[in-house]
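Please read the structure below before turning to the comments.
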Amino acid sequence: LSSSSAASDVYKRQIQVRLKTRLSKTDDRLANFIVTVPSAVVTQALAAAGADCLIIDLEHGAIDYGSAHAMISATHGFDCAPLVRIAENTDAQVKRALDLGAEGIVFPLIETAEQASWAVSSLRYPPNGRRTFGPFIAHSHEGVPLPGYADHIDDTLTCCVLVETVEGVKNIEEICDVPGIDIVVPAPFDLSTSLGIPGQFEAPEFLEALATIETAARAAGVPMGGNAFSSEQADALFARGYRLIGGFDVLMLKSGVAAIKGWCG
């Protein structure tokens with residue numbers, strides 16, 4: 001094909017509504033799952049079952065970059081946004097995940113407005129950000145020619161920040177005021193550990209910290225995400241203004257096996 005328009009037609013595919021748009025333009029209640037199993041089959045099954053978003057976990061999961069690419073690709077054809085939780089907040093980690101086709105990044109351990117601003121800029125190309133150009137894989141995921149990728153993708157990627165420490169809670173109002181933050185997620189396991197009360201989710205100190213995050217996010221109009229292990233927990237989060245709820249693939253797998261084992265008792 002010799003013409004650029006013909007090439008564009010070859011690359012065209014149906015693009016679903018971006019998670020970023022759903023978070024900012026709708027009131028949808030969204031289902032999310034953290035994927036730690038390095039499997040395109042697991043990812044595809046979750047997407048096919050109706051997950052709105054999957055977080056491919058490079059921080060705590062057993063996933064390498066090759067598996068991450070296969071898992072991102074496994075969401076094709078579904079209204080399911082593949083995000084990647086990076087292991088470390090660096091430009092190199094962000095650009096590599098995005099160049100695999102991730103629709104956004106989950107940033108761990110955000111503690112200051114400066115770190116949040118960096119996170120936003122790492123998703124965008126100059127002059128609006130600091131991402132370097134090399135989407136040799138991602139442009140095919142998006143269904144656009146390589147030269148047009150930057151204009152196509154800029155300002156469409158989801159910026160999710162995790163608040164996991166006492167310092168993050170202290171600075172939460174300034175973090176939520178950073179333009180471009182799409183969703184804030186209080187991370188209960190790490191936050192309770194930072195408070196010195198690991199796993200004590202009913203402790204007054206933890207509940208106070210959680211309320212501080214929720215109040216700041218609501219005041220700034222920033223959606224929140226959280227984990228729920230029952231419909232009652234999900235309803236309680238939605239009632240407090242959460243938009244994205246979900247669980248963990250490994251925990252769901254263990255729970256399912258335990259339930260079947262119980263039928264044998």
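Scheme for the structure tokens: letters A, B, ... for chains in order shown; per-chain residue numbers from 1; ligand numbers from 1 in order shown.
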So that I can see what lies close to range 67-74 of chain A, please list as JSON, numbers by chain the residues with an atom at most 7 Å from it, counting only C-alpha atoms and leaving out residues fewer than 5 positions away in the same chain.
{"A": [38, 39, 40, 43, 44, 56, 82, 100, 101, 102]}
Let me see the file: selected residues, N, CA, C and O atoms, as a PDB file, in the first residue's frame.
```
ATOM      1  N   PRO A  38       0.924 -14.823  35.612  1.00  0.00           N
ATOM      2  CA  PRO A  38       1.437 -14.496  34.281  1.00  0.00           C
ATOM      3  C   PRO A  38       0.790 -15.348  33.199  1.00  0.00           C
ATOM      4  O   PRO A  38       1.380 -16.287  32.678  1.00  0.00           O
ATOM      5  N   SER A  39      -0.449 -15.009  32.857  1.00  0.00           N
ATOM      6  CA  SER A  39      -1.217 -15.852  31.938  1.00  0.00           C
ATOM      7  C   SER A  39      -2.155 -15.015  31.085  1.00  0.00           C
ATOM      8  O   SER A  39      -3.033 -14.324  31.615  1.00  0.00           O
ATOM      9  N   ALA A  40      -1.991 -15.111  29.756  1.00  0.00           N
ATOM     10  CA  ALA A  40      -2.935 -14.464  28.851  1.00  0.00           C
ATOM     11  C   ALA A  40      -4.306 -15.127  28.932  1.00  0.00           C
ATOM     12  O   ALA A  40      -5.330 -14.473  28.719  1.00  0.00           O
ATOM     13  N   THR A  43      -6.105 -13.621  31.920  1.00  0.00           N
ATOM     14  CA  THR A  43      -6.475 -12.253  31.582  1.00  0.00           C
ATOM     15  C   THR A  43      -7.663 -12.219  30.642  1.00  0.00           C
ATOM     16  O   THR A  43      -8.618 -11.449  30.831  1.00  0.00           O
ATOM     17  N   GLN A  44      -7.624 -13.048  29.611  1.00  0.00           N
ATOM     18  CA  GLN A  44      -8.723 -13.091  28.651  1.00  0.00           C
ATOM     19  C   GLN A  44     -10.021 -13.528  29.313  1.00  0.00           C
ATOM     20  O   GLN A  44     -11.095 -12.976  29.035  1.00  0.00           O
ATOM     21  N   ILE A  56      -2.361  -5.297  35.538  1.00  0.00           N
ATOM     22  CA  ILE A  56      -1.319  -6.297  35.364  1.00  0.00           C
ATOM     23  C   ILE A  56      -0.171  -5.907  36.282  1.00  0.00           C
ATOM     24  O   ILE A  56       0.455  -4.860  36.116  1.00  0.00           O
ATOM     25  N   PRO A  82      -6.532  -2.484  29.930  1.00  0.00           N
ATOM     26  CA  PRO A  82      -5.365  -3.096  30.565  1.00  0.00           C
ATOM     27  C   PRO A  82      -4.421  -2.031  31.124  1.00  0.00           C
ATOM     28  O   PRO A  82      -3.777  -1.300  30.373  1.00  0.00           O
ATOM     29  N   LEU A 100       4.262  -1.378  25.480  1.00  0.00           N
ATOM     30  CA  LEU A 100       3.659  -2.691  25.282  1.00  0.00           C
ATOM     31  C   LEU A 100       2.174  -2.591  24.955  1.00  0.00           C
ATOM     32  O   LEU A 100       1.554  -3.585  24.580  1.00  0.00           O
ATOM     33  N   GLY A 101       1.592  -1.392  25.137  1.00  0.00           N
ATOM     34  CA  GLY A 101       0.185  -1.187  24.839  1.00  0.00           C
ATOM     35  C   GLY A 101      -0.709  -0.946  26.032  1.00  0.00           C
ATOM     36  O   GLY A 101      -1.939  -0.925  25.892  1.00  0.00           O
ATOM     37  N   ALA A 102      -0.137  -0.765  27.214  1.00  0.00           N
ATOM     38  CA  ALA A 102      -0.955  -0.491  28.402  1.00  0.00           C
ATOM     39  C   ALA A 102      -1.780   0.768  28.199  1.00  0.00           C
ATOM     40  O   ALA A 102      -1.321   1.739  27.592  1.00  0.00           O
TER      41      ALA A 102
END
```
Determine, counting only C-alpha atoms, which protein, DNA and RNA residues have an atom within 12 Å of an atom of range 136-138 of chain A; residues of the same chain fewer than 5 positions away are not included. Present the result as number ranges by chain.
A: 66, 69-70, 72-73, 95-103, 143-150, 152-153
From a DSSP calculation on the backbone, collect every residue of range 151-230 of chain A in alpha helix (DSSP H) and output the set as a PyMOL selection string.
chain A and resi 151-153+166-170+172-176+188-194+204-220
Based on the backbone DSSP call, show me all residues of range 81-247 of chain A assigned strand (DSSP E or B), as number ranges by chain.
A: 81-85, 104-107, 158-163, 183-186, 224-227, 242-247
Option closest in space to Ala45 in chain A, from A:Phe206, A:Phe238, A:Phe78, A:Tyr125 [counting only C-alpha atoms]
A:Phe78
When you look at His60 in chain A with a cut-off of 9 Å (counting only C-alpha atoms), what residues show up, excluding the ones that are within fewer than 5 positions of it in the same chain? I need them as JSON, numbers by chain.
{"A": [36, 85, 87]}
Using only C-alpha atoms, which residues sit within 10 Å of range 175-184 of chain A once same-chain residues fewer than 2 positions away are excluded, as a VMD selection string?
chain A and resid 19 to 21 23 to 24 104 106 to 107 110 to 121 123 155 157 to 163 168 to 173 186 to 187 213 to 214 216 to 226 242 to 244
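You can rank A:Gln233, A:Gln93, A:Asn227, A:Thr215 by their closest distance to Phe248 in chain A using only C-alpha atoms, and at the top of that list sits A:Asn227.
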Between A:Arg240, A:Arg18, A:Arg130, A:His139, which is the closest to Ala211 in chain A once you count only C-alpha atoms?
A:Arg240
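Note that the spacing between CA of Ser122 in chain A and CA of Ala92 in chain A amounts to 9.5 Å.
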